[in-house]
Every structure is written in structure tokens, then in C-alpha cells.
file target.txt (compact mmCIF, C-alpha atoms)
# COMPACT_ATOMS: atom_id res chain seq x y z
CA MET A 1 -10.05 -25.62 23.19
CA ARG A 2 -7.39 -27.28 21.05
CA ASP A 3 -3.82 -26.04 21.32
CA VAL A 4 -2.96 -24.47 17.96
CA ALA A 5 0.38 -22.93 17.00
CA VAL A 6 2.03 -21.01 14.20
CA VAL A 7 4.78 -23.31 12.92
CA GLY A 8 5.77 -21.81 9.57
CA PHE A 9 5.89 -18.38 7.94
CA ALA A 10 7.27 -16.87 4.73
CA GLN A 11 6.87 -13.45 3.13
CA ARG A 12 7.90 -11.33 0.18
CA GLN A 13 7.48 -7.54 0.07
CA MET A 14 8.67 -5.26 -2.71
CA LYS A 15 7.94 -1.91 -4.34
CA GLU A 16 6.70 -3.58 -7.52
CA PHE A 17 6.28 -7.20 -8.52
CA ASP A 18 6.72 -7.70 -12.25
CA GLY A 19 4.44 -10.67 -12.71
CA SER A 20 0.91 -11.99 -13.04
CA PRO A 21 -1.93 -10.09 -11.34
CA THR A 22 -2.79 -13.39 -9.62
CA MET A 23 0.75 -13.44 -8.20
CA VAL A 24 1.04 -17.21 -8.65
CA GLU A 25 4.73 -16.77 -9.44
CA LEU A 26 5.24 -15.22 -6.03
CA LEU A 27 3.13 -17.70 -4.08
CA VAL A 28 4.81 -20.86 -5.37
CA PRO A 29 8.21 -20.14 -3.74
CA LEU A 30 6.45 -19.02 -0.54
CA PHE A 31 4.71 -22.38 -0.27
CA ALA A 32 8.04 -24.08 -0.93
CA ASP A 33 9.56 -22.05 1.94
CA VAL A 34 6.95 -23.13 4.50
CA TYR A 35 7.09 -26.75 3.28
CA GLU A 36 10.83 -26.71 3.95
CA GLN A 37 10.39 -25.10 7.38
CA THR A 38 7.80 -27.62 8.53
CA GLY A 39 8.69 -30.73 6.56
CA PHE A 40 5.09 -30.78 5.33
CA SER A 41 4.02 -31.51 1.79
CA LYS A 42 0.79 -30.51 0.08
CA GLY A 43 -0.83 -33.71 1.32
CA ASP A 44 -0.12 -32.76 4.95
CA ILE A 45 -2.22 -29.57 4.75
CA GLY A 46 -5.78 -30.19 5.89
CA PHE A 47 -7.19 -26.78 5.01
CA TRP A 48 -6.17 -23.86 2.82
CA CYS A 49 -7.49 -20.33 3.28
CA SER A 50 -6.50 -17.15 1.44
CA GLY A 51 -7.06 -13.42 1.69
CA SER A 52 -7.09 -11.07 -1.31
CA SER A 53 -9.35 -8.71 -3.27
CA ASP A 54 -10.86 -8.90 -6.74
CA TYR A 55 -10.97 -5.09 -6.78
CA LEU A 56 -7.21 -4.90 -6.36
CA ALA A 57 -6.53 -7.60 -8.95
CA GLY A 58 -9.01 -6.08 -11.40
CA ARG A 59 -10.66 -9.38 -12.25
CA SER A 60 -13.47 -11.56 -10.94
CA PHE A 61 -12.63 -14.57 -8.79
CA SER A 62 -8.94 -13.72 -8.85
CA PHE A 63 -8.40 -15.90 -5.78
CA VAL A 64 -9.50 -18.96 -7.78
CA GLN A 65 -6.76 -18.30 -10.32
CA ALA A 66 -4.25 -17.95 -7.47
CA VAL A 67 -5.15 -21.48 -6.37
CA ASP A 68 -2.98 -22.57 -9.31
CA ALA A 69 -0.06 -22.03 -6.92
CA ILE A 70 -1.38 -24.91 -4.79
CA GLY A 71 -1.78 -27.27 -7.72
CA ALA A 72 -4.90 -28.66 -9.33
CA LEU A 73 -4.52 -32.28 -8.26
CA PRO A 74 -5.26 -33.77 -5.87
CA PRO A 75 -8.18 -31.47 -4.88
CA VAL A 76 -7.83 -29.50 -1.64
CA ASN A 77 -10.15 -28.21 1.08
CA GLU A 78 -9.99 -24.46 0.36
CA SER A 79 -11.68 -21.20 1.37
CA HIS A 80 -11.17 -17.46 0.90
CA VAL A 81 -11.85 -14.12 2.60
CA GLU A 82 -12.15 -10.85 0.69
CA MET A 83 -9.90 -9.01 3.15
CA ASP A 84 -6.54 -9.28 4.85
CA ALA A 85 -5.32 -12.85 5.27
CA ALA A 86 -5.21 -12.35 9.06
CA TRP A 87 -8.94 -13.03 8.89
CA ALA A 88 -8.22 -16.13 6.81
CA LEU A 89 -6.03 -17.22 9.72
CA TYR A 90 -8.99 -16.75 12.06
CA GLU A 91 -11.16 -18.92 9.80
CA ALA A 92 -8.44 -21.58 9.68
CA TRP A 93 -8.06 -21.49 13.47
CA ILE A 94 -11.82 -22.08 13.82
CA LYS A 95 -11.59 -24.95 11.32
CA ILE A 96 -8.89 -26.62 13.42
CA GLN A 97 -10.91 -26.04 16.61
CA THR A 98 -13.78 -28.06 15.12
CA GLY A 99 -11.48 -31.09 14.95
CA GLU A 100 -12.11 -31.50 11.24
CA VAL A 101 -8.45 -30.82 10.38
CA ASP A 102 -5.15 -30.62 12.27
CA THR A 103 -3.20 -28.35 9.92
CA ALA A 104 -3.86 -25.31 7.75
CA LEU A 105 -1.93 -23.11 5.35
CA ILE A 106 -3.00 -19.48 5.15
CA TYR A 107 -1.83 -17.07 2.47
CA GLY A 108 -2.53 -13.55 1.29
CA PHE A 109 -1.43 -11.53 -1.71
CA GLY A 110 -1.91 -8.17 -3.36
CA LYS A 111 -0.39 -6.12 -6.15
CA SER A 112 -1.05 -2.50 -5.20
CA SER A 113 1.22 -1.06 -7.89
CA ALA A 114 -1.09 -2.26 -10.68
CA GLY A 115 -3.61 0.55 -10.13
CA LEU A 116 -4.44 3.60 -8.05
CA LEU A 117 -4.69 2.18 -4.53
CA ARG A 118 -6.21 5.32 -3.02
CA ARG A 119 -9.08 5.10 -5.51
CA THR A 120 -9.47 1.33 -5.26
CA LEU A 121 -9.86 1.37 -1.48
CA THR A 122 -12.76 3.81 -1.80
CA MET A 123 -14.78 0.80 -2.96
CA GLN A 124 -14.80 -0.56 0.60
CA LEU A 125 -16.94 2.37 1.79
CA ASP A 126 -20.73 2.53 1.95
CA PRO A 127 -21.87 2.39 -1.70
CA TYR A 128 -24.78 4.80 -1.18
CA THR A 129 -23.47 7.60 1.03
CA LEU A 130 -19.68 7.52 0.88
CA THR A 131 -18.32 5.87 -2.26
CA PRO A 132 -20.09 8.36 -4.62
CA LEU A 133 -18.03 11.13 -2.96
CA TRP A 134 -14.78 9.20 -3.67
CA PRO A 135 -12.98 9.99 -0.41
CA ASP A 136 -9.69 8.11 -0.59
CA ASN A 137 -8.08 6.25 2.30
CA VAL A 138 -5.26 8.78 2.75
CA SER A 139 -7.69 11.69 2.98
CA LEU A 140 -9.82 9.82 5.52
CA ALA A 141 -6.72 9.07 7.59
CA ALA A 142 -5.76 12.75 7.36
CA LEU A 143 -9.21 13.66 8.68
CA GLN A 144 -8.66 11.23 11.55
CA ALA A 145 -5.21 12.67 12.29
CA ARG A 146 -6.51 16.25 12.22
CA LEU A 147 -9.28 15.43 14.70
CA GLY A 148 -6.74 13.97 17.10
CA LEU A 149 -4.45 16.98 16.75
CA GLU A 150 -7.29 19.45 17.35
CA GLN A 151 -8.40 17.53 20.45
CA GLY A 152 -4.86 17.40 21.83
CA GLN A 153 -4.74 13.60 21.83
CA TRP A 154 -1.42 13.63 19.96
CA ASP A 155 0.82 16.11 18.17
CA GLU A 156 2.94 16.10 15.04
CA LYS A 157 6.07 15.42 17.06
CA ALA A 158 4.57 12.21 18.45
CA MET A 159 3.66 11.13 14.91
CA ALA A 160 7.19 11.85 13.70
CA GLU A 161 8.64 9.85 16.58
CA VAL A 162 6.62 6.83 15.47
CA VAL A 163 8.00 7.19 11.95
CA GLN A 164 11.57 7.71 13.10
CA ARG A 165 11.52 4.58 15.27
CA SER A 166 9.77 2.46 12.62
CA LEU A 167 12.13 3.35 9.78
CA THR A 168 15.18 2.88 11.99
CA ASP A 169 14.00 -0.59 13.03
CA ALA A 170 13.23 -1.39 9.38
CA GLU A 171 16.92 -1.21 8.54
CA SER A 172 17.25 -4.80 9.81
CA ASN A 173 14.25 -6.01 7.77
CA GLU A 174 15.29 -7.29 4.36
CA TYR A 175 11.73 -6.98 3.07
CA ALA A 176 11.15 -3.32 4.01
CA VAL A 177 10.64 -1.11 0.97
CA ARG A 178 11.20 2.06 3.01
CA LYS A 179 13.86 2.21 5.69
CA GLY A 180 16.48 4.45 7.24
CA GLY A 181 15.73 6.61 10.24
CA SER A 182 15.91 10.38 10.14
CA SER A 183 15.79 12.85 12.97
CA VAL A 184 12.41 14.02 14.19
CA PRO A 185 13.16 17.68 13.26
CA ASP A 186 14.10 16.59 9.73
CA LEU A 187 10.88 14.61 9.37
CA LEU A 188 8.79 17.55 10.57
CA ALA A 189 10.52 19.85 8.06
CA ARG A 190 9.31 17.80 5.11
CA PRO A 191 6.32 19.06 3.07
CA LEU A 192 2.75 18.07 3.80
CA TYR A 193 1.18 15.41 1.60
CA ALA A 194 -2.42 15.34 2.85
CA ASP A 195 -2.60 17.86 5.68
CA PRO A 196 -1.60 17.06 8.42
CA LEU A 197 0.07 13.92 7.01
CA ARG A 198 3.44 13.85 5.31
CA LYS A 199 4.40 11.05 2.95
CA HIS A 200 6.39 9.27 5.63
CA ASP A 201 3.26 9.22 7.83
CA CYS A 202 1.59 6.98 5.23
CA ALA A 203 2.41 3.37 4.43
CA PRO A 204 4.21 2.99 1.09
CA ILE A 205 2.63 1.32 -1.92
CA THR A 206 3.84 -2.28 -1.68
CA ASP A 207 3.38 -5.50 -3.63
CA GLY A 208 3.75 -8.75 -1.81
CA ALA A 209 2.44 -11.98 -0.37
CA ALA A 210 2.78 -14.11 2.73
CA ALA A 211 2.10 -17.69 3.78
CA LEU A 212 1.68 -19.05 7.30
CA VAL A 213 1.14 -22.58 8.64
CA LEU A 214 -0.98 -23.56 11.65
CA ALA A 215 -0.84 -26.94 13.34
CA ALA A 216 -2.58 -28.43 16.36
CA GLY A 217 -1.17 -30.37 19.28
CA ASP A 218 1.32 -33.09 18.41
CA ARG A 219 1.48 -32.00 14.78
CA ALA A 220 2.88 -28.65 15.94
CA ARG A 221 5.32 -30.26 18.37
CA ASP A 222 6.59 -32.61 15.66
CA VAL A 223 7.56 -29.85 13.22
CA ALA A 224 8.74 -26.98 15.45
CA ASP A 225 11.23 -26.87 18.30
CA ARG A 226 9.35 -23.94 19.86
CA PRO A 227 5.88 -23.45 18.34
CA ALA A 228 4.20 -20.08 18.73
CA TRP A 229 1.05 -21.25 20.52
CA ILE A 230 -2.01 -19.06 19.98
CA SER A 231 -3.19 -18.24 23.50
CA GLY A 232 -5.91 -15.85 22.39
CA ILE A 233 -7.43 -14.57 19.15
CA ALA A 234 -10.38 -12.25 18.55
CA HIS A 235 -11.67 -9.66 16.11
CA ASN A 236 -14.28 -6.92 16.21
CA VAL A 237 -15.73 -4.19 14.00
CA ASP A 238 -16.90 -0.59 14.33
CA PRO A 239 -19.65 1.05 12.24
CA LEU A 240 -18.73 1.72 8.61
CA HIS A 241 -20.32 5.18 8.58
CA LEU A 242 -17.69 7.67 9.64
CA GLY A 243 -20.20 9.89 11.44
CA ALA A 244 -21.32 6.99 13.64
CA ARG A 245 -18.04 6.69 15.56
CA ASP A 246 -15.31 8.77 17.16
CA LEU A 247 -12.50 8.63 14.59
CA THR A 248 -9.87 9.43 17.22
CA ARG A 249 -10.61 6.04 18.81
CA SER A 250 -10.90 2.44 17.69
CA PRO A 251 -13.36 0.80 20.09
CA SER A 252 -13.30 -2.43 18.08
CA ALA A 253 -9.58 -2.81 18.84
CA GLY A 254 -10.32 -2.35 22.54
CA ARG A 255 -13.15 -4.90 22.44
CA ALA A 256 -10.96 -7.43 20.64
CA ALA A 257 -8.22 -6.90 23.21
CA ALA A 258 -10.70 -7.36 26.06
CA ALA A 259 -11.55 -10.81 24.69
CA VAL A 260 -7.95 -12.03 25.12
CA ASP A 261 -5.26 -11.71 27.77
CA LEU A 262 -2.58 -9.18 26.76
CA GLY A 263 -0.72 -9.46 30.05
CA GLY A 264 2.98 -10.11 29.72
CA VAL A 265 3.19 -9.19 26.01
CA GLU A 266 6.78 -8.18 25.26
CA VAL A 267 6.54 -7.36 21.54
CA ALA A 268 3.52 -6.11 19.58
CA GLU A 269 3.42 -6.01 15.79
CA LEU A 270 0.68 -3.47 15.10
CA HIS A 271 -0.82 -3.03 11.65
CA ALA A 272 -0.92 0.78 11.58
CA PRO A 273 -0.79 2.09 7.98
CA PHE A 274 -0.58 5.69 9.24
CA SER A 275 1.68 6.99 12.00
CA HIS A 276 -1.06 8.39 14.22
CA GLN A 277 -2.95 5.09 14.07
CA GLU A 278 -0.18 3.42 16.07
CA LEU A 279 -0.85 5.98 18.81
CA VAL A 280 -4.57 5.14 18.71
CA LEU A 281 -3.89 1.40 18.87
CA ARG A 282 -1.42 1.61 21.73
CA LYS A 283 -4.04 3.39 23.81
CA GLU A 284 -6.94 1.12 22.84
CA LEU A 285 -4.91 -2.05 23.46
CA GLY A 286 -3.49 -0.71 26.72
CA LEU A 287 0.14 -1.30 25.70
CA GLY A 288 2.65 0.28 28.06
CA GLU A 289 6.06 1.74 27.38
CA ASP A 290 7.64 -1.61 28.26
CA VAL A 291 6.15 -3.23 25.14
CA ARG A 292 8.32 -3.00 22.05
CA ILE A 293 6.26 -1.93 19.05
CA ASN A 294 6.92 -3.06 15.46
CA PRO A 295 10.56 -4.17 15.61
CA SER A 296 10.12 -5.15 11.93
CA GLY A 297 9.34 -1.55 11.02
CA GLY A 298 5.64 -2.29 10.62
CA ALA A 299 3.34 -1.06 7.88
CA LEU A 300 5.14 2.29 7.60
CA ALA A 301 8.11 0.36 6.18
CA SER A 302 6.11 -1.90 3.83
CA ASN A 303 2.40 -2.59 3.51
CA PRO A 304 1.33 -5.17 0.91
CA MET A 305 -2.45 -5.13 0.75
CA PHE A 306 -4.24 -8.20 2.08
CA SER A 307 -1.14 -9.77 3.58
CA SER A 308 0.27 -7.01 5.79
CA GLY A 309 -1.89 -8.03 8.76
CA LEU A 310 -0.88 -11.68 8.37
CA ILE A 311 2.75 -10.54 8.20
CA ARG A 312 2.34 -8.79 11.55
CA ILE A 313 1.27 -12.13 13.06
CA GLY A 314 4.10 -14.00 11.33
CA GLU A 315 6.67 -11.46 12.53
CA ALA A 316 5.36 -11.75 16.09
CA ALA A 317 5.51 -15.55 15.88
CA GLY A 318 9.13 -15.33 14.74
CA ARG A 319 10.07 -13.68 18.05
CA ILE A 320 8.69 -16.75 19.84
CA TRP A 321 10.56 -19.21 17.61
CA SER A 322 13.86 -17.41 18.13
CA GLY A 323 13.47 -17.48 21.91
CA GLU A 324 13.69 -13.68 22.03
CA CYS A 325 10.24 -13.43 23.61
CA ASP A 326 7.84 -15.63 25.56
CA ARG A 327 4.69 -13.70 24.66
CA THR A 328 3.89 -11.55 21.62
CA LEU A 329 0.96 -9.86 19.92
CA GLY A 330 0.10 -9.72 16.23
CA HIS A 331 -2.54 -7.21 15.11
CA ALA A 332 -4.34 -6.61 11.82
CA THR A 333 -6.72 -3.91 10.67
CA SER A 334 -9.04 -3.49 7.72
CA GLY A 335 -11.45 -0.84 6.52
CA PRO A 336 -11.23 2.96 6.82
CA ALA A 337 -9.71 4.60 9.90
CA LEU A 338 -9.13 1.39 11.90
CA GLN A 339 -12.70 0.18 11.41
CA GLN A 340 -12.01 -3.55 11.84
CA ASN A 341 -9.37 -5.05 14.11
CA LEU A 342 -8.00 -8.50 14.91
CA VAL A 343 -5.60 -9.45 17.70
CA CYS A 344 -3.64 -12.69 18.03
CA VAL A 345 -1.62 -13.38 21.19
CA MET A 346 1.09 -16.05 20.97
CA SER A 347 3.10 -17.74 23.65
CA GLY A 348 6.03 -20.10 23.89
CA ASP A 349 4.14 -22.08 26.55
CA GLU A 350 1.83 -24.95 25.70
CA GLY A 351 -1.66 -25.32 27.06
CA ALA A 352 -2.36 -21.58 27.03
CA ALA A 353 -5.15 -21.63 24.43
CA SER A 354 -8.19 -19.53 25.25

call {"tool": "encode", "arguments": {"input": "target.txt", "output": "C-alpha cells"}}
result
Amino acid sequence: MRDVAVVGFAQRQMKEFDGSPTMVELLVPLFADVYEQTGFSKGDIGFWCSGSSDYLAGRSFSFVQAVDAIGALPPVNESHVEMDAAWALYEAWIKIQTGEVDTALIYGFGKSSAGLLRRTLTMQLDPYTLTPLWPDNVSLAALQARLGLEQGQWDEKAMAEVVQRSLTDAESNEYAVRKGGSSVPDLLARPLYADPLRKHDCAPITDGAAALVLAAGDRARDVADRPAWISGIAHNVDPLHLGARDLTRSPSAGRAAAAVDLGGVEVAELHAPFSHQELVLRKELGLGEDVRINPSGGALASNPMFSSGLIRIGEAAGRIWSGECDRTLGHATSGPALQQNLVCVMSGDEGAAS
């Protein structure tokens, strides 16, 4: 296996981006940021891969129009995934492993404020049995939360504690669109939004984008003092049909974690768009109390569609670069009720690729 590291990362998250649905205006400065961090230029990038959704943009092949941010000439080696850009990172990592390229730039973008996100995300469900009923993502998450409450797997206090910690930590995150901790009793006193969820239990509508740079071997060492070496990466999926799985669990997250070594992880950035989902993920990933969860505030503080998972990986990599941690975990999810999950373990030590 080739040693591959995260060597550059930039993000923008906001309540509403007043710009093109393709978000080219937002991507251009992000690319400039990672060029400055790495010293790379467009010609140094061997592979480009993006994550976005035509449904969210409201137009066909919206990702092709976003390629304008790269520049038309000279032509580039480019690909796209119709999901969170964390999966674009996985594709880029595979591309580097083949030896065809040594560097890759991954980016994701989404403008959730342009439409009704709860309705748009219904389109990811089974088109024959689920989509015609129009169950939205918040209602499905509420169903998941209620099942866990009824089974005694968590309680509302535990959910509120997740929110309180996340929003307190988000105070140090300049990109968080929701921040400021409140006491657990105050959070529990707020009205229900989608029983048993309150608004603070749900990720806020967020516009945004992110860009991340991967480099192999000497290319990584040349551009970063302390690259965040990817020591393990894996993803897995559960059945789409909600009746075919236990919604209080996320077996795919557990299977992905079993494919990598999570030992020694000090910080985990978990992509949990709903408070109770962090509780599910901690259990499935086997994360103990000694692991710090979402010091950025996580998705409960800001959750731009199709880049939030990539941001979790970028945030975790930043802890390696700063020397704060030697081993971190970035996690991404996609689909209803934690259906699909990706884990990416990073280390400050070379030669740890698996």
C-alpha cells in the first residue's frame, strides 16, 4: 500500500450563500486556499474528484458546471460522486493507490437554502415503496430516536448532553452557523420539533463547500511539515429499506470500523446530523470516554450537504497538523438513519497505511 496523507484543507460554511447554484464563486477561493497551503498549482494535481447532488442544485449535471472553478484549460483528470465528498476522497485514495497519480484534490459543495431540504432528501429513498409516501429525513430520524428511547438505549437527557457539548465546542469554530452552549435543563425545556426531537437535536440548514488535498509519499513530505497519513479507510452500507434493519443500530459503521484499526484514536469527528445518532455511532465504533468527540462542534453546529463528511475528515486532519493529536478519526454518513458510513483514520506517523 502507498503512504497517502491529507496535506491541505479549506472550508466555508454559512447559513445562506448568496451566489450561483453551482457555487463556483465559493469554490474558487477554496482552491486558492489549498494551493497556498501546499504550494501546488493546478498542474500539480493529478486527479480531481467532487461530491454534490443534482437534486440539491435543481439542475442536471450541476457538477460539470462547477468544474468551471477548476478552469477549462488545460484539461484535467476529473470524476464525481453523487453523494458526500468523503466518498470522493475514497475514490481519490484508490486512484493514488493504483500508482496512476501522486496527488488529488477533492471538493464538495451544496446549497441547502435554495429549496426544501427535508423534501429533497426524500428522493434518496426507494422510489417504489418509500418515496411515494414522502417521509422526510427529520421524521425518519425522529422515528429512529423514538425507537431508541422506547428500548432504553438512550434518553432525552443524553441527547441534550450531546447538543450542549457540541454547541459549546462550536464557539471556537469560526464556520459554525449555530453555537453557544446552554444548560441541559434549558435545552430539555424547549418545545418539540418532530417528537422526540427538538430543533437543536437536528443539524441546521447550511450552505457551504470544502476542498481537501491528498498526496503520496515524498510529495506529501515535501509540502507538509506533519502530514496526516491515512492509516486506514473503509466504508460500508446497510439496506435502504427501513424495515430490513434495526434503526437503533448502524451495523455498516461497525463493519467499516472493523476494517481499520481504531486503537489509540484521541479525537473523532463524527458526522451525526441528529443528536442521538452520535450515541449510536459511539457505540458502533467502540469509542470510549477517553476519545474527544467533535471538538469542532460537528454537524449539529453546521452541516453543509455533500461536504459535511469531508469536513469531518479535514477537521480531524487539522488536529494532526497542529501536533495536538497523533491519531484521529474522520467519519461521514449518507442516506437515511445512518444507512451508509465511511471511516478514515489518520496518524502523524509514516508507514502506517493499511

call {"tool": "residues_around", "arguments": {"input": "target.txt", "residues": "stretch 291-299 of chain A", "least_positions_apart": "5", "cutoff": "6 Å", "atoms": "all atoms listed in the file", "output": "VMD selection string"}}
result
chain A and resid 166 to 167 169 to 170 173 203 266 to 269 271 to 273

call {"tool": "residues_around", "arguments": {"input": "target.txt", "residues": "A:Asp225", "least_positions_apart": "6", "cutoff": "12 Å", "atoms": "all atoms listed in the file", "output": "PyMOL selection string"}}
result
chain A and resi 5-8+37-38+218-219+320-323+348-349

call {"tool": "closest_residue", "arguments": {"input": "target.txt", "among": "A:Ala85, A:Leu329, A:Ala57, A:Ala145", "to": "A:Gly19", "atoms": "only C-alpha atoms"}}
result
A:Ala57

call {"tool": "atom_distance", "arguments": {"input": "target.txt", "atom1": "atom CA of A:Ala337", "atom2": "atom CA of A:Gly286"}}
result
18.7 Å

call {"tool": "closest_residue", "arguments": {"input": "target.txt", "among": "A:Leu187, A:Val280, A:Asp207, A:Pro336", "to": "A:Arg118", "atoms": "all atoms listed in the file"}}
result
A:Pro336

call {"tool": "closest_residue", "arguments": {"input": "target.txt", "among": "A:Leu188, A:Ala104, A:Val76, A:Leu140", "to": "A:Asp155", "atoms": "only C-alpha atoms"}}
result
A:Leu188

call {"tool": "closest_residue", "arguments": {"input": "target.txt", "among": "A:Phe274, A:Ala92, A:Glu100, A:Leu27", "to": "A:Ile70", "atoms": "all atoms listed in the file"}}
result
A:Leu27

call {"tool": "atom_distance", "arguments": {"input": "target.txt", "atom1": "atom CA of A:Glu36", "atom2": "atom CA of A:Lys111"}}
result
25.5 Å

call {"tool": "closest_residue", "arguments": {"input": "target.txt", "among": "A:Asp326, A:Asp3, A:Asp246, A:Asp201", "to": "A:Gln97", "atoms": "only C-alpha atoms"}}
result
A:Asp3

call {"tool": "closest_residue", "arguments": {"input": "target.txt", "among": "A:Leu310, A:Cys344, A:Ile94, A:Ile106", "to": "A:Glu78", "atoms": "only C-alpha atoms"}}
result
A:Ile106

call {"tool": "build_atoms", "arguments": {"input": "target.txt", "residues": "stretch 240-261 of chain A", "atoms": "N, CA, C and O atoms", "output": "PDB file, in the coordinates of the input"}}
result
ATOM      1  N   LEU A 240     -19.374   1.258   9.836  1.00  0.00           N
ATOM      2  CA  LEU A 240     -18.730   1.720   8.610  1.00  0.00           C
ATOM      3  C   LEU A 240     -18.891   3.217   8.425  1.00  0.00           C
ATOM      4  O   LEU A 240     -17.970   3.899   7.961  1.00  0.00           O
ATOM      5  N   HIS A 241     -20.061   3.758   8.789  1.00  0.00           N
ATOM      6  CA  HIS A 241     -20.320   5.180   8.580  1.00  0.00           C
ATOM      7  C   HIS A 241     -19.427   6.022   9.492  1.00  0.00           C
ATOM      8  O   HIS A 241     -19.424   5.852  10.708  1.00  0.00           O
ATOM      9  N   LEU A 242     -18.681   6.921   8.893  1.00  0.00           N
ATOM     10  CA  LEU A 242     -17.690   7.670   9.640  1.00  0.00           C
ATOM     11  C   LEU A 242     -18.312   8.577  10.701  1.00  0.00           C
ATOM     12  O   LEU A 242     -17.691   8.870  11.722  1.00  0.00           O
ATOM     13  N   GLY A 243     -19.538   9.026  10.474  1.00  0.00           N
ATOM     14  CA  GLY A 243     -20.200   9.890  11.440  1.00  0.00           C
ATOM     15  C   GLY A 243     -20.788   9.135  12.619  1.00  0.00           C
ATOM     16  O   GLY A 243     -21.287   9.743  13.560  1.00  0.00           O
ATOM     17  N   ALA A 244     -20.714   7.801  12.583  1.00  0.00           N
ATOM     18  CA  ALA A 244     -21.320   6.990  13.640  1.00  0.00           C
ATOM     19  C   ALA A 244     -20.304   6.590  14.712  1.00  0.00           C
ATOM     20  O   ALA A 244     -20.652   5.851  15.631  1.00  0.00           O
ATOM     21  N   ARG A 245     -19.058   7.061  14.572  1.00  0.00           N
ATOM     22  CA  ARG A 245     -18.040   6.690  15.560  1.00  0.00           C
ATOM     23  C   ARG A 245     -17.048   7.830  15.740  1.00  0.00           C
ATOM     24  O   ARG A 245     -16.923   8.705  14.879  1.00  0.00           O
ATOM     25  N   ASP A 246     -16.362   7.804  16.864  1.00  0.00           N
ATOM     26  CA  ASP A 246     -15.310   8.770  17.160  1.00  0.00           C
ATOM     27  C   ASP A 246     -14.046   8.313  16.431  1.00  0.00           C
ATOM     28  O   ASP A 246     -13.442   7.304  16.796  1.00  0.00           O
ATOM     29  N   LEU A 247     -13.639   9.054  15.422  1.00  0.00           N
ATOM     30  CA  LEU A 247     -12.500   8.630  14.590  1.00  0.00           C
ATOM     31  C   LEU A 247     -11.174   8.697  15.335  1.00  0.00           C
ATOM     32  O   LEU A 247     -10.183   8.123  14.874  1.00  0.00           O
ATOM     33  N   THR A 248     -11.125   9.373  16.471  1.00  0.00           N
ATOM     34  CA  THR A 248      -9.870   9.430  17.220  1.00  0.00           C
ATOM     35  C   THR A 248      -9.699   8.189  18.096  1.00  0.00           C
ATOM     36  O   THR A 248      -8.698   8.056  18.799  1.00  0.00           O
ATOM     37  N   ARG A 249     -10.685   7.286  18.056  1.00  0.00           N
ATOM     38  CA  ARG A 249     -10.610   6.040  18.810  1.00  0.00           C
ATOM     39  C   ARG A 249     -10.826   4.854  17.878  1.00  0.00           C
ATOM     40  O   ARG A 249     -11.206   5.009  16.729  1.00  0.00           O
ATOM     41  N   SER A 250     -10.601   3.676  18.409  1.00  0.00           N
ATOM     42  CA  SER A 250     -10.900   2.440  17.690  1.00  0.00           C
ATOM     43  C   SER A 250     -11.482   1.454  18.700  1.00  0.00           C
ATOM     44  O   SER A 250     -10.797   0.537  19.158  1.00  0.00           O
ATOM     45  N   PRO A 251     -12.757   1.653  19.067  1.00  0.00           N
ATOM     46  CA  PRO A 251     -13.360   0.800  20.090  1.00  0.00           C
ATOM     47  C   PRO A 251     -13.297  -0.694  19.744  1.00  0.00           C
ATOM     48  O   PRO A 251     -13.193  -1.526  20.647  1.00  0.00           O
ATOM     49  N   SER A 252     -13.354  -1.020  18.451  1.00  0.00           N
ATOM     50  CA  SER A 252     -13.300  -2.430  18.080  1.00  0.00           C
ATOM     51  C   SER A 252     -11.969  -3.062  18.470  1.00  0.00           C
ATOM     52  O   SER A 252     -11.908  -4.243  18.840  1.00  0.00           O
ATOM     53  N   ALA A 253     -10.886  -2.294  18.409  1.00  0.00           N
ATOM     54  CA  ALA A 253      -9.580  -2.810  18.840  1.00  0.00           C
ATOM     55  C   ALA A 253      -9.608  -3.070  20.342  1.00  0.00           C
ATOM     56  O   ALA A 253      -9.093  -4.099  20.811  1.00  0.00           O
ATOM     57  N   GLY A 254     -10.215  -2.155  21.094  1.00  0.00           N
ATOM     58  CA  GLY A 254     -10.320  -2.350  22.540  1.00  0.00           C
ATOM     59  C   GLY A 254     -11.175  -3.554  22.890  1.00  0.00           C
ATOM     60  O   GLY A 254     -10.841  -4.314  23.812  1.00  0.00           O
ATOM     61  N   ARG A 255     -12.285  -3.750  22.159  1.00  0.00           N
ATOM     62  CA  ARG A 255     -13.150  -4.900  22.440  1.00  0.00           C
ATOM     63  C   ARG A 255     -12.450  -6.216  22.103  1.00  0.00           C
ATOM     64  O   ARG A 255     -12.593  -7.215  22.823  1.00  0.00           O
ATOM     65  N   ALA A 256     -11.703  -6.220  20.997  1.00  0.00           N
ATOM     66  CA  ALA A 256     -10.960  -7.430  20.640  1.00  0.00           C
ATOM     67  C   ALA A 256      -9.922  -7.744  21.701  1.00  0.00           C
ATOM     68  O   ALA A 256      -9.738  -8.902  22.104  1.00  0.00           O
ATOM     69  N   ALA A 257      -9.236  -6.703  22.186  1.00  0.00           N
ATOM     70  CA  ALA A 257      -8.220  -6.900  23.210  1.00  0.00           C
ATOM     71  C   ALA A 257      -8.830  -7.403  24.511  1.00  0.00           C
ATOM     72  O   ALA A 257      -8.219  -8.208  25.228  1.00  0.00           O
ATOM     73  N   ALA A 258     -10.044  -6.943  24.827  1.00  0.00           N
ATOM     74  CA  ALA A 258     -10.700  -7.360  26.060  1.00  0.00           C
ATOM     75  C   ALA A 258     -11.078  -8.838  26.028  1.00  0.00           C
ATOM     76  O   ALA A 258     -11.277  -9.453  27.088  1.00  0.00           O
ATOM     77  N   ALA A 259     -11.162  -9.404  24.824  1.00  0.00           N
ATOM     78  CA  ALA A 259     -11.550 -10.810  24.690  1.00  0.00           C
ATOM     79  C   ALA A 259     -10.360 -11.754  24.865  1.00  0.00           C
ATOM     80  O   ALA A 259     -10.544 -12.971  24.917  1.00  0.00           O
ATOM     81  N   VAL A 260      -9.144 -11.214  24.925  1.00  0.00           N
ATOM     82  CA  VAL A 260      -7.950 -12.030  25.120  1.00  0.00           C
ATOM     83  C   VAL A 260      -7.155 -11.461  26.293  1.00  0.00           C
ATOM     84  O   VAL A 260      -7.489 -10.413  26.827  1.00  0.00           O
ATOM     85  N   ASP A 261      -6.115 -12.160  26.673  1.00  0.00           N
ATOM     86  CA  ASP A 261      -5.260 -11.710  27.770  1.00  0.00           C
ATOM     87  C   ASP A 261      -3.968 -11.140  27.191  1.00  0.00           C
ATOM     88  O   ASP A 261      -3.152 -11.873  26.644  1.00  0.00           O
TER      89      ASP A 261
END
